[in-house]
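Novice: So here's entry21.cif, just mmCIF, N, CA and C atoms:
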```
data_entry
loop_
_atom_site.label_atom_id
_atom_site.label_comp_id
_atom_site.auth_asym_id
_atom_site.auth_seq_id
_atom_site.Cartn_x
_atom_site.Cartn_y
_atom_site.Cartn_z
N MET I 1 -17.64 5.90 25.77
CA MET I 1 -16.37 6.51 26.12
C MET I 1 -15.61 6.85 24.84
N GLU I 2 -15.24 8.11 24.71
CA GLU I 2 -14.53 8.57 23.52
C GLU I 2 -13.03 8.34 23.71
N LYS I 3 -12.39 7.87 22.66
CA LYS I 3 -10.95 7.63 22.72
C LYS I 3 -10.21 8.96 22.77
N GLU I 4 -9.07 8.94 23.43
CA GLU I 4 -8.25 10.13 23.54
C GLU I 4 -7.61 10.43 22.19
N LYS I 5 -7.59 11.72 21.82
CA LYS I 5 -7.01 12.13 20.55
C LYS I 5 -5.81 13.03 20.80
N VAL I 6 -4.80 12.87 19.96
CA VAL I 6 -3.60 13.69 20.03
C VAL I 6 -3.49 14.43 18.70
N TYR I 7 -3.38 15.75 18.77
CA TYR I 7 -3.24 16.58 17.58
C TYR I 7 -1.81 17.14 17.56
N ILE I 8 -1.11 16.94 16.43
CA ILE I 8 0.29 17.36 16.32
C ILE I 8 0.45 18.23 15.07
N ASP I 9 1.15 19.36 15.23
CA ASP I 9 1.49 20.22 14.10
C ASP I 9 2.92 19.88 13.69
N ALA I 10 3.11 19.43 12.46
CA ALA I 10 4.40 18.94 11.99
C ALA I 10 5.30 20.03 11.43
N ALA I 11 4.85 21.27 11.37
CA ALA I 11 5.60 22.34 10.74
C ALA I 11 6.95 22.56 11.42
N GLY I 12 8.04 22.38 10.67
CA GLY I 12 9.38 22.65 11.16
C GLY I 12 9.99 21.55 12.00
N HIS I 13 9.34 20.41 12.13
CA HIS I 13 9.86 19.33 12.94
C HIS I 13 10.47 18.24 12.07
N VAL I 14 11.46 17.55 12.60
CA VAL I 14 12.12 16.46 11.89
C VAL I 14 11.13 15.31 11.76
N ALA I 15 10.95 14.80 10.56
CA ALA I 15 9.93 13.80 10.27
C ALA I 15 10.12 12.51 11.06
N GLY I 16 11.34 12.04 11.21
CA GLY I 16 11.59 10.80 11.92
C GLY I 16 11.27 10.88 13.40
N ARG I 17 11.65 11.98 14.02
CA ARG I 17 11.37 12.15 15.45
C ARG I 17 9.88 12.31 15.69
N LEU I 18 9.24 13.05 14.80
CA LEU I 18 7.79 13.22 14.88
C LEU I 18 7.09 11.87 14.70
N ALA I 19 7.57 11.07 13.78
CA ALA I 19 6.96 9.77 13.50
C ALA I 19 7.11 8.82 14.68
N SER I 20 8.24 8.85 15.35
CA SER I 20 8.42 7.96 16.50
C SER I 20 7.47 8.33 17.64
N LYS I 21 7.26 9.63 17.86
CA LYS I 21 6.33 10.06 18.90
C LYS I 21 4.90 9.66 18.53
N ALA I 22 4.54 9.84 17.26
CA ALA I 22 3.19 9.49 16.80
C ALA I 22 2.95 7.99 16.90
N ALA I 23 3.95 7.19 16.53
CA ALA I 23 3.81 5.73 16.60
C ALA I 23 3.62 5.27 18.04
N LYS I 24 4.37 5.88 18.94
CA LYS I 24 4.26 5.50 20.35
C LYS I 24 2.87 5.83 20.90
N GLU I 25 2.34 7.00 20.55
CA GLU I 25 1.00 7.38 21.01
C GLU I 25 -0.07 6.46 20.41
N ALA I 26 0.10 6.08 19.15
CA ALA I 26 -0.87 5.19 18.50
C ALA I 26 -0.85 3.80 19.14
N LEU I 27 0.32 3.33 19.52
CA LEU I 27 0.42 2.03 20.19
C LEU I 27 -0.19 2.05 21.59
N LYS I 28 -0.26 3.22 22.19
CA LYS I 28 -0.91 3.36 23.50
C LYS I 28 -2.43 3.33 23.40
N GLY I 29 -2.96 3.41 22.17
CA GLY I 29 -4.40 3.37 21.98
C GLY I 29 -5.02 4.72 21.67
N LYS I 30 -4.20 5.75 21.49
CA LYS I 30 -4.71 7.09 21.21
C LYS I 30 -4.83 7.30 19.70
N SER I 31 -5.80 8.10 19.30
CA SER I 31 -5.92 8.50 17.90
C SER I 31 -4.97 9.66 17.67
N VAL I 32 -4.18 9.59 16.61
CA VAL I 32 -3.17 10.62 16.33
C VAL I 32 -3.54 11.32 15.03
N CYS I 33 -3.59 12.64 15.08
CA CYS I 33 -3.90 13.44 13.90
C CYS I 33 -2.75 14.43 13.70
N ILE I 34 -2.09 14.36 12.56
CA ILE I 34 -0.94 15.21 12.26
C ILE I 34 -1.31 16.13 11.09
N VAL I 35 -1.06 17.43 11.24
CA VAL I 35 -1.35 18.39 10.18
C VAL I 35 -0.05 19.05 9.73
N ASN I 36 -0.11 19.72 8.58
CA ASN I 36 1.03 20.41 7.97
C ASN I 36 2.19 19.46 7.67
N ALA I 37 1.88 18.31 7.08
CA ALA I 37 2.90 17.32 6.76
C ALA I 37 3.89 17.85 5.73
N GLU I 38 3.46 18.75 4.84
CA GLU I 38 4.36 19.25 3.81
C GLU I 38 5.43 20.16 4.39
N LYS I 39 5.26 20.60 5.64
CA LYS I 39 6.24 21.48 6.28
C LYS I 39 7.18 20.72 7.21
N ALA I 40 7.01 19.42 7.36
CA ALA I 40 7.94 18.61 8.14
C ALA I 40 9.25 18.51 7.36
N ILE I 41 10.37 18.37 8.07
CA ILE I 41 11.66 18.38 7.39
C ILE I 41 12.39 17.06 7.56
N ILE I 42 13.28 16.81 6.61
CA ILE I 42 14.22 15.69 6.69
C ILE I 42 15.60 16.32 6.63
N SER I 43 16.43 16.04 7.62
CA SER I 43 17.75 16.66 7.66
C SER I 43 18.71 15.88 6.77
N GLY I 44 19.62 16.61 6.18
CA GLY I 44 20.61 16.03 5.29
C GLY I 44 20.77 16.87 4.05
N ASN I 45 21.67 16.46 3.19
CA ASN I 45 21.93 17.16 1.94
C ASN I 45 20.72 16.97 1.01
N PRO I 46 20.08 18.06 0.58
CA PRO I 46 18.88 17.93 -0.26
C PRO I 46 19.10 17.14 -1.56
N LYS I 47 20.26 17.32 -2.20
CA LYS I 47 20.52 16.59 -3.45
C LYS I 47 20.58 15.09 -3.21
N PHE I 48 21.24 14.70 -2.11
CA PHE I 48 21.31 13.28 -1.77
C PHE I 48 19.93 12.73 -1.44
N LEU I 49 19.14 13.49 -0.67
CA LEU I 49 17.81 13.02 -0.27
C LEU I 49 16.88 12.85 -1.46
N ILE I 50 16.96 13.77 -2.43
CA ILE I 50 16.14 13.65 -3.64
C ILE I 50 16.53 12.40 -4.41
N LYS I 51 17.82 12.13 -4.51
CA LYS I 51 18.29 10.92 -5.20
C LYS I 51 17.86 9.67 -4.44
N PHE I 52 18.01 9.67 -3.11
CA PHE I 52 17.67 8.52 -2.27
C PHE I 52 16.19 8.17 -2.37
N TYR I 53 15.32 9.17 -2.21
CA TYR I 53 13.88 8.91 -2.28
C TYR I 53 13.43 8.66 -3.71
N GLY I 54 14.14 9.23 -4.69
CA GLY I 54 13.82 8.95 -6.09
C GLY I 54 14.05 7.49 -6.43
N GLU I 55 15.11 6.91 -5.86
CA GLU I 55 15.37 5.48 -6.06
C GLU I 55 14.29 4.63 -5.41
N LYS I 56 13.78 5.06 -4.25
CA LYS I 56 12.71 4.32 -3.59
C LYS I 56 11.43 4.34 -4.42
N VAL I 57 11.12 5.50 -5.00
CA VAL I 57 9.90 5.64 -5.79
C VAL I 57 9.98 4.81 -7.07
N SER I 58 11.15 4.79 -7.72
CA SER I 58 11.27 4.11 -9.01
C SER I 58 11.62 2.63 -8.88
N ARG I 59 11.82 2.14 -7.67
CA ARG I 59 12.22 0.75 -7.44
C ARG I 59 11.07 -0.21 -7.76
N GLY I 60 11.40 -1.36 -8.26
CA GLY I 60 10.41 -2.43 -8.44
C GLY I 60 9.62 -2.33 -9.72
N ASN I 61 8.58 -3.12 -9.78
CA ASN I 61 7.70 -3.21 -10.92
C ASN I 61 6.52 -2.26 -10.72
N PRO I 62 6.16 -1.45 -11.72
CA PRO I 62 5.06 -0.52 -11.53
C PRO I 62 3.69 -1.18 -11.32
N TYR I 63 3.59 -2.45 -11.64
CA TYR I 63 2.32 -3.15 -11.46
C TYR I 63 2.28 -3.98 -10.17
N HIS I 64 3.42 -4.42 -9.69
CA HIS I 64 3.44 -5.32 -8.54
C HIS I 64 4.14 -4.73 -7.32
N GLY I 65 4.79 -3.58 -7.45
CA GLY I 65 5.40 -2.94 -6.29
C GLY I 65 6.85 -3.34 -6.13
N PRO I 66 7.48 -2.90 -5.10
CA PRO I 66 6.95 -2.14 -3.97
C PRO I 66 6.59 -0.71 -4.38
N PHE I 67 5.56 -0.19 -3.75
CA PHE I 67 5.07 1.14 -4.06
C PHE I 67 5.50 2.09 -2.95
N TYR I 68 6.06 3.23 -3.31
CA TYR I 68 6.44 4.24 -2.33
C TYR I 68 5.75 5.54 -2.71
N PRO I 69 5.11 6.20 -1.74
CA PRO I 69 4.30 7.39 -2.06
C PRO I 69 5.14 8.60 -2.43
N ARG I 70 4.51 9.53 -3.14
CA ARG I 70 5.15 10.78 -3.52
C ARG I 70 4.56 11.98 -2.80
N MET I 71 3.33 11.88 -2.32
CA MET I 71 2.68 12.99 -1.63
C MET I 71 3.22 13.10 -0.20
N PRO I 72 3.37 14.33 0.32
CA PRO I 72 3.98 14.50 1.63
C PRO I 72 3.20 13.84 2.77
N ASP I 73 1.88 13.89 2.75
CA ASP I 73 1.11 13.26 3.82
C ASP I 73 1.26 11.75 3.80
N ARG I 74 1.29 11.17 2.61
CA ARG I 74 1.46 9.72 2.49
C ARG I 74 2.89 9.30 2.84
N MET I 75 3.89 10.16 2.52
CA MET I 75 5.28 9.85 2.88
C MET I 75 5.44 9.82 4.40
N LEU I 76 4.86 10.80 5.09
CA LEU I 76 4.97 10.84 6.54
C LEU I 76 4.25 9.65 7.17
N ARG I 77 3.11 9.28 6.61
CA ARG I 77 2.38 8.12 7.13
C ARG I 77 3.19 6.84 6.91
N ARG I 78 3.90 6.75 5.79
CA ARG I 78 4.74 5.59 5.52
C ARG I 78 5.93 5.54 6.50
N ILE I 79 6.48 6.70 6.85
CA ILE I 79 7.56 6.75 7.83
C ILE I 79 7.05 6.25 9.18
N ILE I 80 5.84 6.65 9.54
CA ILE I 80 5.24 6.18 10.80
C ILE I 80 5.01 4.67 10.75
N ARG I 81 4.58 4.17 9.60
CA ARG I 81 4.35 2.73 9.46
C ARG I 81 5.62 1.93 9.73
N GLY I 82 6.77 2.48 9.34
CA GLY I 82 8.03 1.80 9.57
C GLY I 82 8.39 1.68 11.04
N MET I 83 7.74 2.47 11.89
CA MET I 83 8.02 2.44 13.32
C MET I 83 6.96 1.65 14.09
N LEU I 84 6.07 1.01 13.37
CA LEU I 84 5.03 0.19 13.99
C LEU I 84 5.20 -1.27 13.58
N PRO I 85 4.78 -2.20 14.41
CA PRO I 85 4.77 -3.61 13.99
C PRO I 85 3.52 -3.87 13.14
N TYR I 86 3.49 -3.29 11.93
CA TYR I 86 2.27 -3.23 11.14
C TYR I 86 1.83 -4.58 10.58
N LYS I 87 2.64 -5.61 10.71
CA LYS I 87 2.23 -6.94 10.26
C LYS I 87 1.52 -7.71 11.36
N LYS I 88 1.52 -7.18 12.57
CA LYS I 88 0.82 -7.79 13.69
C LYS I 88 -0.49 -7.03 13.93
N SER I 89 -1.41 -7.65 14.63
CA SER I 89 -2.74 -7.06 14.80
C SER I 89 -2.69 -5.74 15.57
N ARG I 90 -1.87 -5.65 16.62
CA ARG I 90 -1.82 -4.41 17.38
C ARG I 90 -1.19 -3.28 16.57
N GLY I 91 -0.26 -3.61 15.69
CA GLY I 91 0.33 -2.62 14.81
C GLY I 91 -0.64 -2.15 13.74
N LYS I 92 -1.44 -3.05 13.20
CA LYS I 92 -2.46 -2.67 12.21
C LYS I 92 -3.49 -1.74 12.82
N GLU I 93 -3.92 -2.06 14.04
CA GLU I 93 -4.89 -1.21 14.73
C GLU I 93 -4.29 0.16 15.02
N ALA I 94 -3.04 0.20 15.43
CA ALA I 94 -2.37 1.47 15.71
C ALA I 94 -2.24 2.29 14.43
N TYR I 95 -1.91 1.63 13.31
CA TYR I 95 -1.74 2.33 12.03
C TYR I 95 -3.06 2.93 11.56
N ARG I 96 -4.16 2.27 11.84
CA ARG I 96 -5.48 2.80 11.48
C ARG I 96 -5.83 4.03 12.28
N ARG I 97 -5.24 4.18 13.46
CA ARG I 97 -5.53 5.35 14.30
C ARG I 97 -4.73 6.58 13.91
N VAL I 98 -3.79 6.45 12.98
CA VAL I 98 -2.94 7.58 12.56
C VAL I 98 -3.52 8.22 11.30
N MET I 99 -3.77 9.52 11.38
CA MET I 99 -4.25 10.29 10.23
C MET I 99 -3.28 11.44 10.00
N VAL I 100 -2.90 11.66 8.74
CA VAL I 100 -1.94 12.71 8.40
C VAL I 100 -2.55 13.58 7.31
N TYR I 101 -2.47 14.89 7.48
CA TYR I 101 -3.03 15.84 6.52
C TYR I 101 -1.94 16.83 6.10
N ASN I 102 -2.06 17.35 4.87
CA ASN I 102 -1.10 18.32 4.37
C ASN I 102 -1.30 19.71 4.95
N SER I 103 -2.53 20.04 5.31
CA SER I 103 -2.81 21.34 5.90
C SER I 103 -3.88 21.16 6.96
N VAL I 104 -4.24 22.23 7.63
CA VAL I 104 -5.27 22.16 8.66
C VAL I 104 -6.63 22.18 7.97
N THR I 105 -7.42 21.12 8.17
CA THR I 105 -8.75 21.05 7.57
C THR I 105 -9.75 21.82 8.41
N GLU I 106 -10.95 22.03 7.87
CA GLU I 106 -11.97 22.82 8.55
C GLU I 106 -12.39 22.20 9.87
N ASN I 107 -12.53 20.87 9.89
CA ASN I 107 -12.99 20.23 11.13
C ASN I 107 -11.91 20.19 12.21
N LEU I 108 -10.65 20.46 11.86
CA LEU I 108 -9.56 20.47 12.84
C LEU I 108 -9.10 21.87 13.19
N SER I 109 -9.75 22.90 12.65
CA SER I 109 -9.26 24.26 12.85
C SER I 109 -9.34 24.71 14.31
N GLY I 110 -10.24 24.16 15.11
CA GLY I 110 -10.35 24.57 16.50
C GLY I 110 -9.58 23.70 17.47
N ALA I 111 -8.85 22.71 16.98
CA ALA I 111 -8.14 21.77 17.85
C ALA I 111 -6.90 22.41 18.46
N ASN I 112 -6.52 21.91 19.61
CA ASN I 112 -5.33 22.39 20.30
C ASN I 112 -4.16 21.49 19.90
N PHE I 113 -3.26 22.01 19.08
CA PHE I 113 -2.16 21.22 18.54
C PHE I 113 -0.96 21.23 19.49
N ALA I 114 -0.44 20.04 19.73
CA ALA I 114 0.73 19.90 20.58
C ALA I 114 1.98 19.94 19.72
N SER I 115 3.06 20.39 20.30
CA SER I 115 4.34 20.38 19.63
C SER I 115 5.12 19.18 20.15
N PRO I 116 5.61 18.29 19.27
CA PRO I 116 6.26 17.07 19.75
C PRO I 116 7.62 17.27 20.40
N GLY I 117 8.15 18.46 20.34
CA GLY I 117 9.48 18.69 20.92
C GLY I 117 10.13 19.89 20.29
N GLU I 118 11.43 19.86 20.21
CA GLU I 118 12.18 20.99 19.67
C GLU I 118 12.02 21.10 18.16
N GLN I 119 12.18 22.30 17.66
CA GLN I 119 12.16 22.52 16.23
C GLN I 119 13.42 21.93 15.62
N GLY I 120 13.33 21.44 14.38
CA GLY I 120 14.45 20.77 13.76
C GLY I 120 15.42 21.68 13.05
N LYS I 121 14.99 22.89 12.67
CA LYS I 121 15.86 23.76 11.89
C LYS I 121 16.91 24.43 12.76
N SER I 122 18.09 24.54 12.24
CA SER I 122 19.11 25.38 12.84
C SER I 122 19.82 26.09 11.69
N SER I 123 20.64 27.03 12.01
CA SER I 123 21.26 27.84 10.96
C SER I 123 22.27 27.06 10.13
N ARG I 124 22.85 25.99 10.70
CA ARG I 124 23.90 25.26 9.99
C ARG I 124 23.46 23.90 9.46
N THR I 125 22.24 23.51 9.70
CA THR I 125 21.78 22.20 9.29
C THR I 125 21.19 22.25 7.88
N LYS I 126 21.62 21.31 7.04
CA LYS I 126 21.02 21.18 5.72
C LYS I 126 19.75 20.35 5.87
N PHE I 127 18.69 20.74 5.18
CA PHE I 127 17.44 19.99 5.27
C PHE I 127 16.60 20.27 4.04
N ILE I 128 15.55 19.47 3.88
CA ILE I 128 14.56 19.67 2.83
C ILE I 128 13.20 19.34 3.44
N THR I 129 12.19 20.11 3.06
CA THR I 129 10.85 19.83 3.57
C THR I 129 10.22 18.71 2.74
N LEU I 130 9.24 18.05 3.31
CA LEU I 130 8.56 16.98 2.57
C LEU I 130 7.83 17.53 1.35
N GLY I 131 7.36 18.78 1.41
CA GLY I 131 6.70 19.39 0.26
C GLY I 131 7.66 19.59 -0.90
N GLU I 132 8.86 20.09 -0.62
CA GLU I 132 9.87 20.28 -1.67
C GLU I 132 10.31 18.94 -2.23
N LEU I 133 10.49 17.96 -1.36
CA LEU I 133 10.89 16.63 -1.80
C LEU I 133 9.84 16.03 -2.72
N SER I 134 8.59 16.21 -2.38
CA SER I 134 7.49 15.68 -3.20
C SER I 134 7.47 16.31 -4.58
N LYS I 135 7.68 17.63 -4.63
CA LYS I 135 7.72 18.31 -5.93
C LYS I 135 8.84 17.75 -6.80
N ASN I 136 9.99 17.50 -6.20
CA ASN I 136 11.14 16.97 -6.95
C ASN I 136 10.93 15.53 -7.38
N LEU I 137 10.07 14.80 -6.67
CA LEU I 137 9.78 13.41 -7.06
C LEU I 137 8.66 13.33 -8.09
N GLY I 138 8.05 14.45 -8.43
CA GLY I 138 7.04 14.47 -9.47
C GLY I 138 5.61 14.39 -8.97
N ALA I 139 5.38 14.71 -7.70
CA ALA I 139 4.01 14.66 -7.17
C ALA I 139 3.21 15.83 -7.72
N ARG I 140 1.94 15.58 -7.97
CA ARG I 140 1.06 16.67 -8.37
C ARG I 140 0.67 17.44 -7.13
N LYS I 141 0.83 18.73 -7.14
CA LYS I 141 0.55 19.53 -5.95
C LYS I 141 -0.95 19.68 -5.77
N THR I 142 -1.44 19.13 -4.67
CA THR I 142 -2.87 19.26 -4.35
C THR I 142 -3.06 19.78 -2.95
N TRP I 143 -2.01 20.34 -2.35
CA TRP I 143 -2.15 20.84 -0.99
C TRP I 143 -2.02 22.34 -0.97
#
```
Produce structure tokens that represent the structure in this file.
Specialist:
Amino acid sequence: MEKEKVYIDAAGHVAGRLASKAAKEALKGKSVCIVNAEKAIISGNPKFLIKFYGEKVSRGNPYHGPFYPRMPDRMLRRIIRGMLPYKKSRGKEAYRRVMVYNSVTENLSGANFASPGEQGKSSRTKFITLGELSKNLGARKTW
């Protein structure tokens, strides 16, 4: 019996809302695959968000942590981890079922992607995409 898989396109969606839906599906036992992570958005003032996430990245000891990712796919996966009980066995299993990609890979090109809900952008909302945030944090662009 093959496990049920959920494919989600993150382009233009708020990262936190997307992460909560993905975490819930993973806890139900479904495999979750998210593509276009660099196009997911975080709402708020971009200057403040760059400063806020910059402090998270530079916090702690570079050898002992805490470590915070700079790549957009890893940032979105870390946001999802925060919505799971990842220190318990069911949370660890759910976290293993979550896969996040920066773009659509060849093996996922034929998949039917679901939209998790409404688009996050509006004309008056300030936001920054995870790709732009990653560039400002010093990530090497590999997507």
Novice: Just want the 8 Å neighbourhood of region 125-140 of chain I, counted on all atoms listed in the file, with same-chain residues fewer than 3 positions away dropped. Output as a list in words.
Specialist: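 The residues satisfying every condition are Ala37, Glu38, Lys39, Ala40, Ile41, Ile42, Ser43, Gly44, Asn45, Pro46, Lys47, Leu49, Ile50, Tyr53, Gly54, Val57, Pro69, Arg70, Met71, Pro72, Asp73, Met75, Leu76, Gly120, Lys121, Ser122 and Trp143 of chain I.
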Novice: Quick one: pull the distance between atom C of Ser103 (chain I) and atom C of Gly91 (chain I), Å, one decimal.
Specialist: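 Atom C of Ser103 (chain I) sits 24.5 Å away from atom C of Gly91 (chain I).
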Novice: Would you give me, as an NGL selection string, the residues in region 3-130 of chain I that DSSP reads as strand (DSSP E)?
Specialist: :I and (5-9 or 31-35 or 41-43 or 98-100 or 127-129)
Novice: Hey, which of I:Glu4, I:Arg90, I:Val98, I:Pro85 ends up closest to Ala22 (chain I)? Count all atoms listed in the file.
Specialist: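 The answer is I:Val98, which sits nearest to Ala22 (chain I).
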Novice: I'd like the contact shell of Asn36 (chain I) - 7 Å cut-off, all atoms listed in the file, skipping same-chain residues fewer than 3 positions apart - returned as a list in words.
Specialist: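 What passes the distance filter is Ile8, Asp9, Ala10, Ala11, Lys39, Ala40, Val100, Tyr101, Asn102, Ser103 and Val104 of chain I.
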Novice: Counting all atoms listed in the file, which residues come within 6 Å of (0.8, 0.9, 10.0), with the point read in the file's coordinates, and could you list them as a ChimeraX atom specification?
Specialist: /I:80-81,84,86,91-92,94-96
Novice: Report, in Å with one decimal, the straight-line distance from atom C of Lys3 (chain I) to atom C of Gly29 (chain I).
Specialist: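 According to the coordinates, atom C of Lys3 (chain I) and atom C of Gly29 (chain I) are separated by 6.8 Å.
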Novice: Enter the distance from atom N of Lys5 (chain I) to atom N of Val32 (chain I), in Å, rounded to one decimal.
Specialist: 6.6 Å
Novice: Find the residue from I:Arg17, I:Ala23, I:Gly12, I:Ser109 that sits nearest to Met83 (chain I); use only N, CA and C atoms when measuring.
Specialist: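 Residue with the minimum atom-to-atom distance to Met83 (chain I): I:Ala23.
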Novice: Give me, as a VMD selection string, the residues of region 95-141 of chain I that a backbone DSSP run labels alpha helix (DSSP H).
Specialist: chain I and resid 95 to 96 130 to 137
